[in-house]
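Presented below is the structure to which this report refers.
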Amino acid sequence: MQSNQKLNLFSFTMIVVGLVIGMGIFRTAPTSAKDAINPSVYFSAWIIGGIVALCGALTYAEIGSRYPATGGYYKVFAKAYHPSIAFAVNCLILVSNAASLSGVALVGSGYVLKTIPGEWNDTHKALLSCAAIIIFYIINLMGLKMSSLVQNILMIIKITMIVVLIFALFFPDKYAHETVTQVSNTSTSAIDWIKSLGISLIAVSFTYGGYQQTINFGNEVKTPAKNIPKGIFFGIATIIVLYLLVNLSYYNMVGFNQMKNEKEIAYVVVDKMFGQTGATVFSAFLFLGVLAYVNGLLMSNPRVMFAMGEDGSLPKLFANQHKKTGVLSFSLTVFTIMCIIILFFSQQFEKILTFSIFLDCFGMILSGATIFWFRRKTKHLDNTSIYKMKLFPLAPLVFIASYVFVGGSIIINYKQNNYAAAIGVSVLVLFIIIYFLLHKKNKNHA
C-alpha cells in the first residue's frame, strides 16, 4: 500500500472513536448503577473501563502491526495457539457478537415501545428486534455498497444522540432533587467496594468494546510508531470524556437511585428537557442508531466465517460467495439465525449482556496474551517501521488482569448472572469437540 493511501493521525483517531462508541451507552448505565453500591464505584468503573480500553487498543495495534493478516482474531489465534483453540475461541467470539447484536436490538426495541401506548413485555421486544435484524439481513444480501451507505448515515445519527444527552448538563433547573444522604451515606468495606466494582464493570466493558478491531489497522497507518499511540490515546480519551459527560447527565437529571430502575434512561433525560414529543422523536432516531450497530455486525462477522471456511476450519459452504454481488450469503444467513436464536433464548438485555461479556473474557485474555509470543517470535521487526508500544509489558498485563477480574466477578456471582459462566464454558468445550470432529472427518476424507 502506498503511503498516500494510508491513514493519517486524524483518520485513525476517528476510526478508534467509531469502533468503540456504540449503543450500549443508552442502556448499560442503569445496569452498571444497579450493581454499584455508591456513585464512587459507578464513576470509577467508567474511568477504569476507559483505561482498560486504552491498554487493549495499544496491545491489539502492536499485534496487528507485527502480524498484519486479513481475518484479524482468527489468524492471530491460529498462529500463536493450537488450531483447536483458534477455532473454539473464534467461534466463541462469533457467538458473543451475535449476542451483542441481539442485546443492542433489544435496547432499540425498548425505546420504541416506550413511545407506543400499551403494556409491552420481553417477548414483544424480542419480536420487534427480530424484525429489525431480518430487515438488515435483506439489506446486506443486496451487497456491500448498499450496507456501507446505510452505515455512514446511521453513524451520524448515533453521534448526534450522544451530543443531545450531554446538552442536558445545561438544564440545571431540571436536575433530580436527590440529596447526598439519599444516594448513600453508609460506610462500606474495601472488599465490598471491590466486589461491587467487578460487577459494575460487566456493563461498562460491554459499552467500551470495539477497540480490539485496531488489530486490523496496525499496518495501514502513516508513520505507525508515532501516529498509532497518538491516535489511540486521543481516540480513547475522547470516548472517556464523552461517556463521563453522558453519565453525568444521567446522574444529574435522573438521580443515582432512580437510575437503577430506568431501563430506557435516555428517554427520561430527553423527556425532562424537551417533553414527551422530544423524547419520542429522540427514541425514533435512537432506534435508527441501534440499527447502525446491527448492520455493522451483519457486515463484519460473516467475513470471519468466510475466512474460516476458506482454510477448512469450517465447512466450505461458509466460503461461498454470490457470483454477482459478492455477498457471503451462507455465512450471513447462519450468523443471522444465531442472532435470532439467542434473542428468543434470553429475551432480556441483562442476560445477553453477561453471557456476551463472559465469552469476550476468553477472547480478550487469550488474544491479548499473544503479544508476548509475537514479541519473541518477531524480534527482527523491532527496528523497522512497525508500531511498538512503550508501555510494554504494563499495558497488556493491565488489560489481561482486568478481564480476569471481570470474568471472575461473573463466576462468583453465578446465580445473579443466570449461570452465564457455566453456559460460556460449556459452549467453549462444545466448539473444541466440534473442531476435533471436523478435523477427524477431513483427515479421513483426505
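Labeling convention for the C-alpha cells: chains A, B, ... as they appear, residues from 1 per chain, ligands from 1 in order of appearance.
For Leu394 (chain A), the set of protein, DNA and RNA residues having any atom at most 12 Å away, when counting only C-alpha atoms and skipping those fewer than 2 positions along the same chain, is Ile51, Val52, Leu54, Cys55, Gly56, Leu58, Thr59, Gly368, Ile371, Phe372, Met389, Lys390, Leu391, Phe392, Pro396, Leu397, Val398, Phe399, Ile400 and Ala401 of chain A.
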Using N, CA and C atoms, can you write the selected residues to a file as a CSV table (one decimal), in the first residue's frame?
chain,number,residue,atom,x,y,z
A,51,ILE,N,-9.5,3.2,30.7
A,51,ILE,CA,-8.1,2.9,30.8
A,51,ILE,C,-7.8,1.5,30.3
A,52,VAL,N,-8.7,0.5,30.6
A,52,VAL,CA,-8.6,-0.8,30.0
A,52,VAL,C,-8.7,-0.8,28.5
A,54,LEU,N,-7.9,1.6,26.6
A,54,LEU,CA,-6.6,2.2,26.1
A,54,LEU,C,-5.5,1.1,26.0
A,55,CYS,N,-5.3,0.4,27.1
A,55,CYS,CA,-4.3,-0.7,27.1
A,55,CYS,C,-4.6,-1.7,26.1
A,56,GLY,N,-5.9,-2.1,25.9
A,56,GLY,CA,-6.3,-3.1,24.9
A,56,GLY,C,-6.0,-2.7,23.5
A,58,LEU,N,-3.9,-0.4,22.5
A,58,LEU,CA,-2.4,-0.4,22.2
A,58,LEU,C,-1.9,-1.8,21.9
A,59,THR,N,-2.3,-2.7,22.7
A,59,THR,CA,-1.9,-4.1,22.6
A,59,THR,C,-2.3,-4.7,21.2
A,368,GLY,N,-5.0,-11.0,23.9
A,368,GLY,CA,-4.1,-10.1,24.5
A,368,GLY,C,-2.7,-10.7,24.8
A,371,ILE,N,0.6,-11.1,22.5
A,371,ILE,CA,1.6,-10.1,22.3
A,371,ILE,C,3.0,-10.5,22.8
A,372,PHE,N,3.0,-11.3,23.8
A,372,PHE,CA,4.2,-11.9,24.4
A,372,PHE,C,4.9,-12.9,23.4
A,389,MET,N,4.7,-0.6,21.2
A,389,MET,CA,4.3,0.2,22.3
A,389,MET,C,5.4,0.4,23.4
A,390,LYS,N,5.4,1.5,24.0
A,390,LYS,CA,6.3,1.9,25.0
A,390,LYS,C,5.9,1.4,26.4
A,391,LEU,N,4.6,1.1,26.6
A,391,LEU,CA,4.1,0.7,27.9
A,391,LEU,C,4.1,-0.9,28.0
A,392,PHE,N,5.0,-1.5,27.3
A,392,PHE,CA,5.1,-3.0,27.4
A,392,PHE,C,6.0,-3.3,28.6
A,396,PRO,N,-0.4,-4.6,28.3
A,396,PRO,CA,-1.1,-5.9,28.1
A,396,PRO,C,-1.4,-6.6,29.5
A,397,LEU,N,-0.6,-6.4,30.5
A,397,LEU,CA,-0.8,-7.1,31.8
A,397,LEU,C,-2.1,-6.4,32.4
A,398,VAL,N,-2.2,-5.1,32.4
A,398,VAL,CA,-3.4,-4.4,32.9
A,398,VAL,C,-4.6,-4.9,32.2
A,399,PHE,N,-4.5,-5.0,30.9
A,399,PHE,CA,-5.6,-5.4,30.0
A,399,PHE,C,-6.1,-6.8,30.4
A,400,ILE,N,-5.1,-7.8,30.4
A,400,ILE,CA,-5.4,-9.2,30.8
A,400,ILE,C,-6.0,-9.3,32.2
A,401,ALA,N,-5.4,-8.6,33.1
A,401,ALA,CA,-5.8,-8.7,34.5
A,401,ALA,C,-7.2,-8.2,34.7
Report as an MDAnalysis selection string all protein, DNA and RNA residues lying within 7 Å of Ile93 (chain A), evaluated on only C-alpha atoms, omitting residues in the same chain fewer than 6 positions from it. chainID A and resid 359:360 363
For the residues in that selection, give me C-alpha atoms as a PDB file, in the first residue's frame.
ATOM      1  CA  LEU A 359     -17.461 -15.103  26.257  1.00  0.00           C
ATOM      2  CA  ASP A 360     -15.464 -11.964  25.480  1.00  0.00           C
ATOM      3  CA  GLY A 363     -11.164 -13.932  23.634  1.00  0.00           C
TER       4      GLY A 363
END
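Using only C-alpha atoms, the nearest neighbour of Met273 (chain A) within the list A:Phe26, A:Phe170, A:Tyr208, A:Trp46 is A:Phe170.
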Need to verify the contact set: Gly255 (chain A), 8 Å, only C-alpha atoms, exclusion of same-chain residues closer than 2 positions in sequence. Can you return it as number ranges by chain? A: 175-178, 250-253, 257-259
Counting only C-alpha atoms, what is within 12 Å of Val107 (chain A), bar same-chain residues fewer than 3 positions away, as a PyMOL selection string? chain A and resi 22-28+100-104+110-114+122+125-126+128-129+132+263-267+283+286-291+293-294+343+347-350+352-353
Please tabulate, as a Markdown table, the residues of region 237-310 of chain A that come within 10 Å of region 319-324 of chain A, each with its closest pair of atoms and the distance in Å to one decimal, counting only C-alpha atoms and ordering rows by chain, then residue number upward.
| residue | atom | partner | partner_atom | distance |
| --- | --- | --- | --- | --- |
| A:Pro302 | CA | A:Ala319 | CA | 9.4 |
| A:Arg303 | CA | A:Ala319 | CA | 8.9 |
| A:Val304 | CA | A:Ala319 | CA | 9.8 |
| A:Met305 | CA | A:Ala319 | CA | 7.4 |
| A:Phe306 | CA | A:Ala319 | CA | 4.5 |
| A:Ala307 | CA | A:Ala319 | CA | 7.0 |
| A:Met308 | CA | A:Ala319 | CA | 7.7 |
| A:Gly309 | CA | A:Ala319 | CA | 4.7 |
| A:Glu310 | CA | A:Ala319 | CA | 5.4 |
Judged by only C-alpha atoms, the minimum distance to Ala98 (chain A) among A:Asn301, A:Thr384, A:Ser313, A:Thr354 is found for A:Asn301
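Among A:Ser44, A:Ser65, A:Asn38, A:Ser205, the residue with the shortest atom-to-atom distance to Phe405 (chain A), counting only C-alpha atoms, is A:Ser205.
The residue that comes closest to Gly49 (chain A), out of A:Cys339, A:Ile423, A:Leu438, A:Val20 and on the basis of only C-alpha atoms, is A:Val20.
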With only C-alpha atoms as the counted atoms, please give the residues lying no more than 10 Å from region 74-81 of chain A, apart from itself and same-chain residues fewer than 2 positions off, as a PDB file with C-alpha atoms, in the first residue's frame.
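The resulting file, part-v5.pdb, is reproduced below:
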ATOM      1  CA  ILE A  63      -0.184  -7.357  17.358  1.00  0.00           C
ATOM      2  CA  GLY A  64      -1.698  -6.175  14.075  1.00  0.00           C
ATOM      3  CA  TYR A  67       1.318  -9.760  12.108  1.00  0.00           C
ATOM      4  CA  PRO A  68      -0.866  -7.964   9.545  1.00  0.00           C
ATOM      5  CA  ALA A  69      -3.344 -10.531   8.270  1.00  0.00           C
ATOM      6  CA  THR A  70      -6.863 -10.403   6.905  1.00  0.00           C
ATOM      7  CA  GLY A  71      -9.115 -12.220   9.324  1.00  0.00           C
ATOM      8  CA  GLY A  72      -7.928 -10.451  12.482  1.00  0.00           C
ATOM      9  CA  PRO A  83      -5.673 -24.717  15.834  1.00  0.00           C
ATOM     10  CA  SER A  84      -8.388 -26.111  18.116  1.00  0.00           C
ATOM     11  CA  ILE A  85      -8.054 -23.050  20.374  1.00  0.00           C
ATOM     12  CA  ALA A  86      -8.156 -20.754  17.360  1.00  0.00           C
ATOM     13  CA  PHE A  87     -11.299 -22.446  16.122  1.00  0.00           C
ATOM     14  CA  ALA A  88     -13.057 -22.573  19.502  1.00  0.00           C
ATOM     15  CA  VAL A  89     -12.281 -19.012  20.578  1.00  0.00           C
ATOM     16  CA  ASN A  90     -13.169 -17.525  17.215  1.00  0.00           C
ATOM     17  CA  CYS A  91     -16.479 -19.386  17.280  1.00  0.00           C
ATOM     18  CA  ILE A  93     -16.326 -14.506  19.518  1.00  0.00           C
ATOM     19  CA  ILE A 215      -5.742  -5.223  15.218  1.00  0.00           C
ATOM     20  CA  VAL A 304     -14.770 -14.134   9.753  1.00  0.00           C
ATOM     21  CA  MET A 305     -16.859 -17.192   8.918  1.00  0.00           C
ATOM     22  CA  ALA A 307     -12.068 -16.844   6.343  1.00  0.00           C
ATOM     23  CA  MET A 308     -12.623 -19.956   8.453  1.00  0.00           C
ATOM     24  CA  GLY A 363     -11.164 -13.932  23.634  1.00  0.00           C
ATOM     25  CA  LEU A 366      -6.075 -15.207  25.101  1.00  0.00           C
ATOM     26  CA  SER A 367      -5.701 -12.706  22.261  1.00  0.00           C
ATOM     27  CA  ALA A 369      -1.555 -12.685  25.697  1.00  0.00           C
ATOM     28  CA  THR A 370      -0.360 -13.344  22.115  1.00  0.00           C
ATOM     29  CA  ILE A 371       1.602 -10.071  22.253  1.00  0.00           C
ATOM     30  CA  PHE A 372       4.244 -11.858  24.375  1.00  0.00           C
ATOM     31  CA  TRP A 373       4.509 -14.637  21.773  1.00  0.00           C
ATOM     32  CA  PHE A 374       4.716 -12.202  18.850  1.00  0.00           C
ATOM     33  CA  LYS A 377       8.955 -14.527  17.514  1.00  0.00           C
TER      34      LYS A 377
END
